[in-house]
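*Asks:* Quick one: this structure, given as structure tokens, is what I'll be asking you about.
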Amino acid sequence: MKWKVTVIVRLKEGLNDPEGRVIGNALRNLGYAVENLRVPKHFEFELESEEPEEEVEEMCRKLLANPLIHDYEYSIEPVS
Amino acid sequence: MKWKVTVIVRLKEGLNDPEGRVIGNALRNLGYAVENLRVPKHFEFELESEEPEEEVEEMCRKLLANPLIHDYEYSIEPVS
Amino acid sequence: MVRFAVVVFPGTNCDFETERAIRKAGAEAERVWYKTSLKDYDGVVLPGGFSYADYLRAGAIAARQEIMDKVREFAREGRPVLGICNGFQILTETGLLPGALRPNRIPRFLCRWVHLRVNDVETPFTSLYEPGEVIRMPIAHAEGNYYVDDPSKVRTVFQYSDGKGNVSEEANPNGSVLNIAAIVNERGNVLGTMPHPERASDRFLGSEDGLRLFRSMVEWARR
Amino acid sequence: MFPHEEKLIRERLGREPNEVEWAMLEVMWSEHASYKSSRPWLKLLPTENEHVILGPGEDAGIVKFDDETWIVVGIESHNHPSAVEPYGGAATGVGGIVRDILCMGARPMALLDPIRFGPLEKERNRYLFEYVVKGIADYGNRIGVPTVGGETEFDESLDNYTLVNVACVGVMKPEHLVHSYVTEPGLKLILVGNRTGRDGIHGVTFASEELSENAEEEDRSAVQIPDPFTEKLLIEATLEAVYTGKVKALKDLGGGGLTCAASEMAGKKGFGAVVYADRVPLREPGMTPKEVMISESQERMLFAVSEADIDVLGGIFEKYGLEWTVVGDVIEEPRFIVYWKGEKVADLPVELLADVPTIEWEMEPYKAEKPVETPEVSFEKAFDLVWGSPNILSKRWIWGQYDHEVQGRTVLKPGRDAAILKLNDEYGLAFTSDGNPNHSHLNPYHGAMGAVAEVVRNLVSVGAEPLALVDNLNFASPERPEVYWSFAETVKGLADAAKAFGLAYVSGNVSFYNEVAGIPIKPTPVVAGLGKVKLEEIPEMGLSGGLLIGVVGITK
Ligand SMILES: Nc1ncnc2c1ncn2[C@@H]1O[C@H](COP(=O)(O)OP(=O)(O)O)[C@@H](O)[C@H]1O
């Protein structure tokens with residue numbers, strides 16, 4: 001079966017996000033009252049699978065996220 | 001008022017996406033039947049503003065996206 | 001003569017000069033394409049560069065390639081395994097070294113020479129240095145910010161320092177915890193370094209401080 | 001294309017070209033591809049001497065370093081695309097010149113980036129500056145070619161515009177030389193690298209026009225996404241293929257895409273080509289034969305190979321994960337024929353694509369020189385103004401983002417008058433570039449000579465004996481009589497200065513139509529030079545106590 005998958009990978013609490021800091025500063029310099037800007041990694045793809053949950057879990061643990069520094073979440077929807 | 005904003009920035013259709021292609025290949029090499037992998041830019045932040053829609057639009061056009069090569073979408077929710 | 005494999009992934013780009021430096025240090029060295037087998041080598045070197053263009057995370061995709069199973073075997077057998085820059089990133093992604101190399105505190109690529117204080121001379125790679133010696137090598141990376149949960153558990157080999165050996169915040173180019181620039185595993189046979197010793201192996205290029213790392217490694221492999 | 005050119009084409013062809021043929025002709029007759037306005041003047045440049053192995057005419061020039069070592073060198077501009085989309089424009093500019101060096105059979109060894117912008121007080125110029133630098137850094141770093149020097153200038157006349165020139169040197173052994181043209185029919189044409197999309201369609205025509213007021217809103221098809229990962233694989237695969245000795249001719253696909261590469265490769269020595277456009281691997285669905293033939297998608301090379309050798313070379317491309325396709329044949333008859341799914345969609349005499357008549361525009365001299373009035377300003381104030389100018393300030397912020405040490409050859413790092421690359425245990429190659437648009441604007445003839453003299457002084461300052469030059473001419477519209485006059489004067493100056501130093505130009509580039517919203521740029525000839533230096537004899541640059549400082553020459 002075909003699925004539409006979205007995976008979001010975020011830095012664990014307490015870890016600094018240099019890219020987020022720099023972009024946050026840039027937006028504030030442009031005059032916007034922005035706070036806490038983060039830049040999570042975001043993946044979108046189609047997956048052909050009979051066990052999508054299991055496979056997406058594995059993909060996150062094995063490749064898409066680094067368990068030392070990342071938390072992850074995902075959503076899986078059937079493709080009509 | 002305080003808002004929780006999410007901005008997603010995608011490469012326009014038809015443009016070369018080497019990052020998506022290479023990561024997709026890597027997942028396929030690990031045995032997953034993945035297709036059409038894209039890696040949109042994803043920004044999350046809090047915004048203090050009376051005109052959040054207008055400001056987020058501007059932020060996208062001016063900094064977060066490059067209108068020549070990107071399409072963007074965003075969601076704005078009040079922070080309770 | 002001892003033989004080292006210099007593994008080349010798609011996007012690796014420091015392999016030629018790394019091979020040259022190992023040869024200068026007195027061993028045979030061969031560039032090995034990541035799809036070929038690692039047969040009879042005495043040690044493995046993962047050189048610097050941009051394997052897979054640093055897509056996803058630096059070193060992440062290279063770390064999941066089949067050849068890394070063989071590199072793990074080398075490490076288990078106690079042979080020398082050296083990871084330079086992207087190679088260090090690959091070793092942490094593989095779990096052969098603790099920690100992770102994150103984006104620089106100032107998120108930009110930075111190419112410059114640094115001073116390093118040598119902390120641990122009991123490793124196969126650093127026996128030709130003096131404890132506390134200050135050496136010079138260039139760095140060139142955008143993701144060299146070393147992070148680990150518990151730095152006290154890490155065997156630190158080089159720390160970024162000033163010219164006098166002071167491990168100060170000013171001397172830290174990328175935000176690495178404790179100014180860590182190079183580490184070894186507990187056993188000491190796997191070393192990861194963000195600074196490039198192969199670029200400091202020729203007096204015309206600025207220093208020969210890096211050559212001693214290779215010489216030390218070659219000498220040890222001979223025994 | 002101008003109406004008189006369209007008329008000429010109809011006459012020479014004897015009929016009306018069809019849509020595909022017009023598209024190919026438009027691209028080949030554009031200024032950027034044909035050099036129609038510059039060729040008559042470029043003939044003035046000296047191009048031969050004892051150091052020159054190959055002068056202008058192919059994708060790059062070749063200079064003899066010693067009996068076993070040849071240096072391949074070229075320079076290119078990517079001004080328009082960078083003014084529209086600075087990151088992609090600058091990055092793909094690096095990609096293009098690197099492939100020009102690669103396709104002679106050389107390993108690309110180092111880059112220089114002479115880049116110019118408007119005043120940093122304006123946000124748009126800061127944006128262009130930041131992203132041109134980032135584009136060059138990200139691309140050069142990933143392909144492992146060090147950017148070891150360059151120039152950075154800021155000037156009011158470049159407001160909302162940018163001049164991005166990139167020079168590249170490569171190193172090769174004489175036996176690996178591969179020309180860009182075939183010398184026999186019957187060979188197969190193989191396309192290797194990235195898939196073909198709609199990017200860059202009309203790139204050369206875009207580069208042959210002035211930019212309108214809204215530079216950011218220019219046609220999106222001119223924008224290209226850089227792929228240095230594929231480029232690095234192309235470098236390694238191409239060199240491995242070249243070293244087999246089985247590559248008969250090699251060209252990179254740049255301006256003019258497949259049309260330019262295939263027609264030049266076949267036509268240079270009087271042969272023709274048949275191209276099966278539907279065999280080209282596509283990135284976007286539904287592309288037309290016209291789009292396929294003129295697309296300027298990046299990171300693609302064209303190989304000419306004997307049928308018997310296809311499999312061996314194909315194996316090399318596959319090893320590096322590169323897509324490759326046989327897209328055509330070299331034929332005896334000097335015609336350029338394109339098929340699409342079995343139907344012939346274009347059939348032109350090759351010389352109609354290659355033989356573009358030159359145009360001699362009107363020239364009108366101007367006088368911009370006037371006596372200098374020294375401003376009434378205190379020494380301290382003058383010092384602050386000059387020392388604080390972005391044109392004088394250290395450029396470390398820029399070259400610190402470039403991996404200038406990769407390949408382990410960089411003896412003199414950025415910051416000196418020239419970079420030096422170690423070539424063997426005794427000798428190094430010095431490499432530097434200079435241009436002075438302010439001088440060129442005041443007096444184009446002297447300004448050009450000054451650029452050459454500055455390059456020579458910079459080479460000598462690091463102990464090098466100058467070997468050869470390349471030049472990149474950045475000008476506004478040649479249809480402006482004053483601009484065309486300044487172009488002619490510039491070339492005369494470049495020629496006279498080179499002759500005085502006994503040097504020759506082995507390659508170069510001309511970029512016309514550099515203006516935004518009707519404001520022409522200053523004449524900006526950029527010269528890059530190579531020199532040979534003994535590693536033990538590189539002069540120091542530090543000062544220490546007790547030394548005397550002397551100045552040679554007269555200060556005016
Ligand atoms: N200003 C110049 N000085 C000397 N030679 C030049 C100059 N401009 C172009 N040429 C030569 O004219 C030929 C055509 O140039 P061009 O179309 O830019 O080549 P490329 O295929 O490298 O893009 C090249 O051989 C180039 O070396």
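Residues are referred to by chain and number: the chain letter is A, B, ... according to the order shown in the structure tokens, the number counts from 1 in that chain, and ligands are numbered separately from 1 in the order shown.
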Which residues come within 6 Å of C:Pro103, counting only C-alpha atoms, excluding same-chain residues fewer than 3 positions away, as a list in words?
*Replies:*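 Neighbouring residues, sequence-local ones excluded: Pro107, Ala142, Glu143 and Asn145 of chain C.
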*Asks:* Please produce an output containing C-alpha atoms for each residue in the selection, written as an mmCIF file, in the first residue's frame.
*Replies:*
data_model
loop_
_atom_site.group_PDB
_atom_site.id
_atom_site.type_symbol
_atom_site.label_atom_id
_atom_site.label_comp_id
_atom_site.auth_asym_id
_atom_site.auth_seq_id
_atom_site.Cartn_x
_atom_site.Cartn_y
_atom_site.Cartn_z
ATOM 1 C CA PRO C 107 26.835 28.478 11.411
ATOM 2 C CA ALA C 142 30.945 23.869 9.007
ATOM 3 C CA GLU C 143 29.924 21.044 11.353
ATOM 4 C CA ASN C 145 31.041 21.565 17.023
#
*Asks:* Contacts from chain B to chain A, 8 Å maximum, only C-alpha atoms: show me the residue list as an mmCIF file with all heavy atoms, in the first residue's frame.
*Replies:*
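Output file out_5.cif is given in full below:
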data_model
loop_
_atom_site.group_PDB
_atom_site.id
_atom_site.type_symbol
_atom_site.label_atom_id
_atom_site.label_comp_id
_atom_site.auth_asym_id
_atom_site.auth_seq_id
_atom_site.Cartn_x
_atom_site.Cartn_y
_atom_site.Cartn_z
ATOM 1 N N LEU B 27 17.861 5.972 1.594
ATOM 2 C CA LEU B 27 16.795 5.171 2.210
ATOM 3 C C LEU B 27 16.493 3.941 1.370
ATOM 4 O O LEU B 27 16.270 2.844 1.904
ATOM 5 C CB LEU B 27 15.531 6.015 2.404
ATOM 6 C CG LEU B 27 15.613 7.025 3.555
ATOM 7 C CD1 LEU B 27 14.405 7.972 3.523
ATOM 8 C CD2 LEU B 27 15.659 6.310 4.899
ATOM 9 N N TYR B 32 14.151 0.450 1.866
ATOM 10 C CA TYR B 32 12.793 0.984 1.965
ATOM 11 C C TYR B 32 12.330 1.503 0.603
ATOM 12 O O TYR B 32 13.088 2.132 -0.113
ATOM 13 C CB TYR B 32 12.741 2.113 2.999
ATOM 14 C CG TYR B 32 13.232 1.677 4.358
ATOM 15 C CD1 TYR B 32 14.490 2.060 4.813
ATOM 16 C CD2 TYR B 32 12.469 0.844 5.168
ATOM 17 C CE1 TYR B 32 14.964 1.641 6.042
ATOM 18 C CE2 TYR B 32 12.931 0.423 6.399
ATOM 19 C CZ TYR B 32 14.184 0.819 6.831
ATOM 20 O OH TYR B 32 14.646 0.399 8.049
ATOM 21 N N ALA B 33 11.055 1.213 0.289
ATOM 22 C CA ALA B 33 10.529 1.616 -1.017
ATOM 23 C C ALA B 33 10.028 3.057 -0.963
ATOM 24 O O ALA B 33 8.839 3.338 -1.017
ATOM 25 C CB ALA B 33 9.407 0.665 -1.433
ATOM 26 N N VAL B 34 10.985 3.962 -0.877
ATOM 27 C CA VAL B 34 10.669 5.381 -0.721
ATOM 28 C C VAL B 34 10.698 6.072 -2.070
ATOM 29 O O VAL B 34 11.546 5.785 -2.909
ATOM 30 C CB VAL B 34 11.735 6.026 0.221
ATOM 31 C CG1 VAL B 34 11.790 7.515 0.049
ATOM 32 C CG2 VAL B 34 11.457 5.637 1.657
ATOM 33 N N GLU B 35 9.780 7.008 -2.278
ATOM 34 C CA GLU B 35 9.767 7.777 -3.522
ATOM 35 C C GLU B 35 9.498 9.242 -3.252
ATOM 36 O O GLU B 35 8.829 9.573 -2.261
ATOM 37 C CB GLU B 35 8.667 7.238 -4.436
ATOM 38 C CG GLU B 35 9.205 6.627 -5.697
ATOM 39 C CD GLU B 35 8.121 5.838 -6.400
ATOM 40 O OE1 GLU B 35 7.182 6.449 -6.938
ATOM 41 O OE2 GLU B 35 8.215 4.591 -6.396
ATOM 42 N N ASN B 36 10.009 10.056 -4.152
ATOM 43 C CA ASN B 36 9.681 11.490 -4.067
ATOM 44 C C ASN B 36 10.063 12.140 -2.762
ATOM 45 O O ASN B 36 9.290 12.928 -2.207
ATOM 46 C CB ASN B 36 8.156 11.663 -4.229
ATOM 47 C CG ASN B 36 7.830 12.078 -5.625
ATOM 48 O OD1 ASN B 36 8.607 12.761 -6.276
ATOM 49 N ND2 ASN B 36 6.683 11.633 -6.093
ATOM 50 N N LEU B 37 11.232 11.838 -2.260
ATOM 51 C CA LEU B 37 11.623 12.416 -0.983
ATOM 52 C C LEU B 37 12.019 13.878 -1.165
ATOM 53 O O LEU B 37 12.809 14.226 -2.023
ATOM 54 C CB LEU B 37 12.788 11.650 -0.346
ATOM 55 C CG LEU B 37 13.048 12.084 1.109
ATOM 56 C CD1 LEU B 37 13.357 10.877 1.968
ATOM 57 C CD2 LEU B 37 14.172 13.091 1.208
ATOM 58 N N ARG B 38 11.396 14.731 -0.355
ATOM 59 C CA ARG B 38 11.714 16.154 -0.396
ATOM 60 C C ARG B 38 12.120 16.574 1.010
ATOM 61 O O ARG B 38 11.676 15.991 2.001
ATOM 62 C CB ARG B 38 10.488 16.971 -0.823
ATOM 63 C CG ARG B 38 9.747 16.395 -1.993
ATOM 64 C CD ARG B 38 10.468 16.602 -3.294
ATOM 65 N NE ARG B 38 10.140 17.867 -3.916
ATOM 66 C CZ ARG B 38 10.746 18.361 -5.006
ATOM 67 N NH1 ARG B 38 11.697 17.686 -5.576
ATOM 68 N NH2 ARG B 38 10.400 19.522 -5.511
ATOM 69 N N VAL B 39 12.949 17.628 1.069
ATOM 70 C CA VAL B 39 13.384 18.130 2.376
ATOM 71 C C VAL B 39 13.061 19.620 2.454
ATOM 72 O O VAL B 39 13.940 20.479 2.273
ATOM 73 C CB VAL B 39 14.904 17.902 2.572
ATOM 74 C CG1 VAL B 39 15.313 18.213 4.009
ATOM 75 C CG2 VAL B 39 15.286 16.470 2.239
ATOM 76 N N PRO B 40 11.799 19.954 2.690
ATOM 77 C CA PRO B 40 11.458 21.371 2.769
ATOM 78 C C PRO B 40 12.150 22.032 3.955
ATOM 79 O O PRO B 40 12.520 21.367 4.915
ATOM 80 C CB PRO B 40 9.938 21.372 2.973
ATOM 81 C CG PRO B 40 9.570 20.009 3.365
ATOM 82 C CD PRO B 40 10.650 19.081 2.951
ATOM 83 N N LYS B 41 12.323 23.355 3.875
ATOM 84 C CA LYS B 41 12.847 24.082 5.031
ATOM 85 C C LYS B 41 11.664 24.324 5.962
ATOM 86 O O LYS B 41 10.558 24.679 5.512
ATOM 87 C CB LYS B 41 13.427 25.447 4.597
ATOM 88 C CG LYS B 41 14.840 25.406 4.056
ATOM 89 C CD LYS B 41 15.846 24.822 4.968
ATOM 90 C CE LYS B 41 16.705 25.820 5.692
ATOM 91 N NZ LYS B 41 17.733 25.158 6.522
ATOM 92 N N HIS B 42 11.896 24.140 7.244
ATOM 93 C CA HIS B 42 10.799 24.187 8.211
ATOM 94 C C HIS B 42 11.240 25.087 9.353
ATOM 95 O O HIS B 42 12.251 24.840 9.999
ATOM 96 C CB HIS B 42 10.545 22.742 8.673
ATOM 97 C CG HIS B 42 9.496 22.590 9.713
ATOM 98 N ND1 HIS B 42 8.563 21.589 9.682
ATOM 99 C CD2 HIS B 42 9.233 23.294 10.835
ATOM 100 C CE1 HIS B 42 7.774 21.665 10.735
ATOM 101 N NE2 HIS B 42 8.146 22.688 11.446
ATOM 102 N N PHE B 43 10.489 26.177 9.586
ATOM 103 C CA PHE B 43 10.822 27.109 10.660
ATOM 104 C C PHE B 43 9.684 27.135 11.661
ATOM 105 O O PHE B 43 8.510 27.178 11.278
ATOM 106 C CB PHE B 43 11.029 28.529 10.112
ATOM 107 C CG PHE B 43 12.026 28.607 8.987
ATOM 108 C CD1 PHE B 43 11.602 28.527 7.664
ATOM 109 C CD2 PHE B 43 13.375 28.754 9.250
ATOM 110 C CE1 PHE B 43 12.521 28.588 6.612
ATOM 111 C CE2 PHE B 43 14.296 28.812 8.201
ATOM 112 C CZ PHE B 43 13.866 28.730 6.899
ATOM 113 N N GLU B 44 10.027 27.121 12.952
ATOM 114 C CA GLU B 44 9.015 27.243 14.018
ATOM 115 C C GLU B 44 9.437 28.372 14.924
ATOM 116 O O GLU B 44 10.595 28.461 15.319
ATOM 117 C CB GLU B 44 8.950 25.955 14.840
ATOM 118 C CG GLU B 44 8.358 24.789 14.083
ATOM 119 C CD GLU B 44 8.391 23.487 14.872
ATOM 120 O OE1 GLU B 44 9.061 23.411 15.917
ATOM 121 O OE2 GLU B 44 7.747 22.535 14.423
ATOM 122 N N PHE B 45 8.505 29.250 15.272
ATOM 123 C CA PHE B 45 8.873 30.329 16.185
ATOM 124 C C PHE B 45 7.643 30.945 16.829
ATOM 125 O O PHE B 45 6.508 30.653 16.437
ATOM 126 C CB PHE B 45 9.681 31.422 15.468
ATOM 127 C CG PHE B 45 9.022 31.989 14.233
ATOM 128 C CD1 PHE B 45 8.221 33.139 14.285
ATOM 129 C CD2 PHE B 45 9.209 31.381 12.988
ATOM 130 C CE1 PHE B 45 7.632 33.663 13.133
ATOM 131 C CE2 PHE B 45 8.630 31.904 11.838
ATOM 132 C CZ PHE B 45 7.832 33.043 11.911
ATOM 133 N N GLU B 46 7.896 31.758 17.847
ATOM 134 C CA GLU B 46 6.829 32.534 18.475
ATOM 135 C C GLU B 46 6.931 33.967 17.988
ATOM 136 O O GLU B 46 8.039 34.492 17.826
ATOM 137 C CB GLU B 46 6.971 32.495 19.992
ATOM 138 C CG GLU B 46 6.479 31.185 20.579
ATOM 139 C CD GLU B 46 7.192 30.822 21.859
ATOM 140 O OE1 GLU B 46 7.573 31.763 22.609
ATOM 141 O OE2 GLU B 46 7.402 29.629 22.084
ATOM 142 N N LEU B 47 5.768 34.553 17.775
ATOM 143 C CA LEU B 47 5.748 35.921 17.249
ATOM 144 C C LEU B 47 4.828 36.784 18.085
ATOM 145 O O LEU B 47 3.676 36.407 18.336
ATOM 146 C CB LEU B 47 5.270 35.915 15.788
ATOM 147 C CG LEU B 47 5.079 37.279 15.119
ATOM 148 C CD1 LEU B 47 6.412 37.982 14.955
ATOM 149 C CD2 LEU B 47 4.409 37.108 13.759
ATOM 150 N N GLU B 48 5.325 37.930 18.543
ATOM 151 C CA GLU B 48 4.501 38.913 19.241
ATOM 152 C C GLU B 48 4.077 39.923 18.186
ATOM 153 O O GLU B 48 4.907 40.642 17.632
ATOM 154 C CB GLU B 48 5.343 39.576 20.338
ATOM 155 C CG GLU B 48 4.624 40.659 21.090
ATOM 156 C CD GLU B 48 3.468 40.131 21.922
ATOM 157 O OE1 GLU B 48 3.687 39.177 22.698
ATOM 158 O OE2 GLU B 48 2.347 40.655 21.775
ATOM 159 N N SER B 49 2.758 39.976 17.912
ATOM 160 C CA SER B 49 2.334 40.842 16.803
ATOM 161 C C SER B 49 0.838 41.083 16.816
ATOM 162 O O SER B 49 0.069 40.242 17.273
ATOM 163 C CB SER B 49 2.728 40.194 15.479
ATOM 164 O OG SER B 49 2.090 40.848 14.397
ATOM 165 N N GLU B 55 2.769 40.081 8.813
ATOM 166 C CA GLU B 55 4.196 40.005 9.125
ATOM 167 C C GLU B 55 4.801 38.693 8.649
ATOM 168 O O GLU B 55 5.902 38.677 8.110
ATOM 169 C CB GLU B 55 4.412 40.194 10.631
ATOM 170 C CG GLU B 55 4.012 41.591 11.081
ATOM 171 C CD GLU B 55 4.596 41.985 12.427
ATOM 172 O OE1 GLU B 55 5.107 41.080 13.134
ATOM 173 O OE2 GLU B 55 4.547 43.177 12.749
ATOM 174 N N MET B 59 7.914 38.165 6.159
ATOM 175 C CA MET B 59 9.095 37.392 6.541
ATOM 176 C C MET B 59 9.431 36.346 5.486
ATOM 177 O O MET B 59 10.598 36.110 5.154
ATOM 178 C CB MET B 59 8.846 36.667 7.855
ATOM 179 C CG MET B 59 8.886 37.516 9.082
ATOM 180 S SD MET B 59 8.680 36.425 10.516
ATOM 181 C CE MET B 59 7.516 37.376 11.467
ATOM 182 N N LEU B 63 12.914 36.963 3.619
ATOM 183 C CA LEU B 63 14.051 36.260 4.212
ATOM 184 C C LEU B 63 13.929 34.743 4.184
ATOM 185 O O LEU B 63 14.839 34.059 3.749
ATOM 186 C CB LEU B 63 14.214 36.711 5.670
ATOM 187 C CG LEU B 63 15.445 36.149 6.381
ATOM 188 C CD1 LEU B 63 16.703 36.821 5.883
ATOM 189 C CD2 LEU B 63 15.353 36.295 7.871
#
*Asks:* Identify, counting only C-alpha atoms and all ligand atoms, the protein, DNA and RNA residues located within 8 Å of ligand 1, and give them as a VMD selection string.
*Replies:* chain D and resid 32 to 35 38 to 39 42 45 47 55 to 61 74 to 76 97 100 254 to 255 470 to 473 491 505 to 510
*Asks:* How would you write, as a VMD selection string, the set of residues in chain B that DSSP gives as strand (DSSP E)?
*Replies:* chain B and resid 2 to 11 33 to 38 41 to 48 70 to 78
*Asks:* Neighbours of C:Ser207 within 12 Å (only C-alpha atoms; same-chain residues fewer than 3 positions away dropped), as a list in words?
*Replies:*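 Here the answer would be Trp113, Val114, His115, Ile135, Arg136, Met137, Pro138, His196, Pro197, Glu198, Arg199, Ala200, Ser201, Asp202, Arg203, Phe204, Gly210, Leu211 and Arg212 of chain C; Gly408, Thr410 and Val411 of chain D.
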*Asks:* Fewer than 2 positions away in the same chain doesn't count, so skip those; otherwise give me all residues within 10 Å of C:Ala5, counting only C-alpha atoms, as a ChimeraX atom specification.
*Replies:* /C:3,7-8,19,22,28-33,38-46,81
*Asks:* Out of stretch 63-117 of chain D, which residues get alpha helix (DSSP H) from DSSP, as a list in words?
*Replies:*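 The alpha helix (DSSP H) subset of stretch 63-117 of chain D is Asn79, His80, Pro81, Ser82, Ala83, Val84, Pro86, Tyr87, Gly88, Gly89, Ala90, Ala91, Thr92, Gly93, Val94, Gly95, Gly96, Ile97, Val98, Arg99, Asp100, Ile101 and Leu102 of chain D.
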*Asks:* Nearest to chain C among D:Gly400, D:Pro349, D:Gly149, D:Pro114, with distances taken over only C-alpha atoms: which residue is it?
*Replies:*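 Of the candidates, the smallest distance to chain C is held by D:Gly400.
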*Asks:* Pull out every residue of chain C that has at least one atom within 8 Å of chain D, counting only C-alpha atoms, and report them as a list in words.
*Replies:* Pro10, Gly11, Asn13, Cys14, Phe16, Glu17, Gly49, Phe50, Tyr52, Ala53, Arg108, Phe109, Leu110, Cys111, Arg112, Ala140, Glu198, Arg199, Phe204, Leu205 and Gly206 of chain C
*Asks:* Store the residues picked out above in a file with C-alpha atoms, as a compact mmCIF listing (two decimals), in the first residue's frame.
*Replies:*
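Full text of part.txt as output:
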# COMPACT_ATOMS: atom_id res chain seq x y z
CA PRO C 10 31.10 9.87 -3.24
CA GLY C 11 32.02 13.44 -2.28
CA ASN C 13 37.80 15.17 -1.46
CA CYS C 14 40.91 15.04 0.75
CA PHE C 16 44.83 12.24 -2.49
CA GLU C 17 46.72 14.39 -0.02
CA GLY C 49 35.63 16.08 2.42
CA PHE C 50 31.91 16.25 1.79
CA TYR C 52 27.20 12.81 0.08
CA ALA C 53 27.56 16.60 0.13
CA ARG C 108 29.28 29.04 8.57
CA PHE C 109 32.12 27.14 7.00
CA LEU C 110 35.42 28.18 8.57
CA CYS C 111 38.87 27.53 7.11
CA ARG C 112 41.79 28.67 9.22
CA ALA C 140 38.04 23.56 7.48
CA GLU C 198 47.52 15.86 6.17
CA ARG C 199 47.46 19.61 5.52
CA PHE C 204 55.89 24.54 2.46
CA LEU C 205 52.25 24.28 3.45
CA GLY C 206 52.86 25.79 6.88
*Asks:* Could you build a table of the residues in stretch 84-129 of chain C lying no more than 7 Å from stretch 147-166 of chain C, giving for each the nearest pair of atoms and their separation in Å rounded to one decimal place, using only C-alpha atoms, ordered by chain and ascending residue number, as JSON lines?
*Replies:*
{"residue": "C:Pro98", "atom": "CA", "partner": "C:Val148", "partner_atom": "CA", "distance": 6.9}
{"residue": "C:Gly99", "atom": "CA", "partner": "C:Val148", "partner_atom": "CA", "distance": 4.3}
{"residue": "C:Ala100", "atom": "CA", "partner": "C:Tyr147", "partner_atom": "CA", "distance": 5.3}
{"residue": "C:Leu101", "atom": "CA", "partner": "C:Tyr147", "partner_atom": "CA", "distance": 6.2}
{"residue": "C:Arg102", "atom": "CA", "partner": "C:Tyr147", "partner_atom": "CA", "distance": 6.9}
{"residue": "C:Val114", "atom": "CA", "partner": "C:Tyr160", "partner_atom": "CA", "distance": 6.9}
{"residue": "C:His115", "atom": "CA", "partner": "C:Ser161", "partner_atom": "CA", "distance": 5.4}
{"residue": "C:Leu116", "atom": "CA", "partner": "C:Tyr160", "partner_atom": "CA", "distance": 4.7}
{"residue": "C:Arg117", "atom": "CA", "partner": "C:Gln159", "partner_atom": "CA", "distance": 5.3}
{"residue": "C:Val118", "atom": "CA", "partner": "C:Phe158", "partner_atom": "CA", "distance": 4.8}
{"residue": "C:Asn119", "atom": "CA", "partner": "C:Val157", "partner_atom": "CA", "distance": 5.1}
{"residue": "C:Asp120", "atom": "CA", "partner": "C:Val157", "partner_atom": "CA", "distance": 4.9}
*Asks:* Given a cut-off of 9 Å, which residues of chain C touch chain B, counting only C-alpha atoms, written out as a VMD selection string?
*Replies:* chain C and resid 52 to 53 55 to 56 61 64 to 65
*Asks:* Only N, CA, C and O atoms, please: the residues just picked out, written as a short mmCIF file (atom, residue, chain, number, x, y, z; two decimals), in the first residue's frame.
*Replies:*
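The resulting again_20.cif:
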data_model
loop_
_atom_site.label_atom_id
_atom_site.label_comp_id
_atom_site.auth_asym_id
_atom_site.auth_seq_id
_atom_site.Cartn_x
_atom_site.Cartn_y
_atom_site.Cartn_z
N TYR C 52 28.64 12.57 0.30
CA TYR C 52 27.20 12.81 0.08
C TYR C 52 26.83 14.27 0.33
O TYR C 52 25.72 14.57 0.76
N ALA C 53 27.77 15.15 0.04
CA ALA C 53 27.56 16.60 0.13
C ALA C 53 27.11 17.05 1.51
O ALA C 53 26.58 18.15 1.65
N TYR C 55 24.66 15.95 2.99
CA TYR C 55 23.19 15.92 3.05
C TYR C 55 22.70 15.16 4.26
O TYR C 55 23.34 14.20 4.70
N LEU C 56 21.60 15.56 4.80
CA LEU C 56 21.01 14.99 6.01
C LEU C 56 21.81 15.44 7.23
O LEU C 56 21.36 16.26 8.00
N ILE C 61 25.20 9.59 5.89
CA ILE C 61 24.91 8.59 4.86
C ILE C 61 26.11 7.67 4.65
O ILE C 61 25.96 6.45 4.52
N ARG C 64 26.34 4.70 6.98
CA ARG C 64 25.42 3.58 6.75
C ARG C 64 25.80 2.74 5.55
O ARG C 64 25.01 1.90 5.11
N GLN C 65 26.99 2.94 4.99
CA GLN C 65 27.39 2.14 3.84
C GLN C 65 28.04 0.85 4.31
O GLN C 65 28.64 0.78 5.39
#
*Asks:* Could you list, as a PyMOL selection string, every residue of chain D that has an atom within 12 Å of an atom of chain B, counting only C-alpha atoms?
*Replies:* chain D and resi 81+84-88+123-124+127+131+194-200+215-231+282-287+297-299+321
*Asks:* Neighbours of C:Cys85 within 8 Å (only C-alpha atoms; same-chain residues fewer than 4 positions away dropped), as a list of chain:residue names?
*Replies:* C:Pro47, C:Gly48, C:Gly49, C:Gln89, C:His141, C:Gly144, C:Gly192, C:Thr193, C:Met194, C:Pro195, C:His196
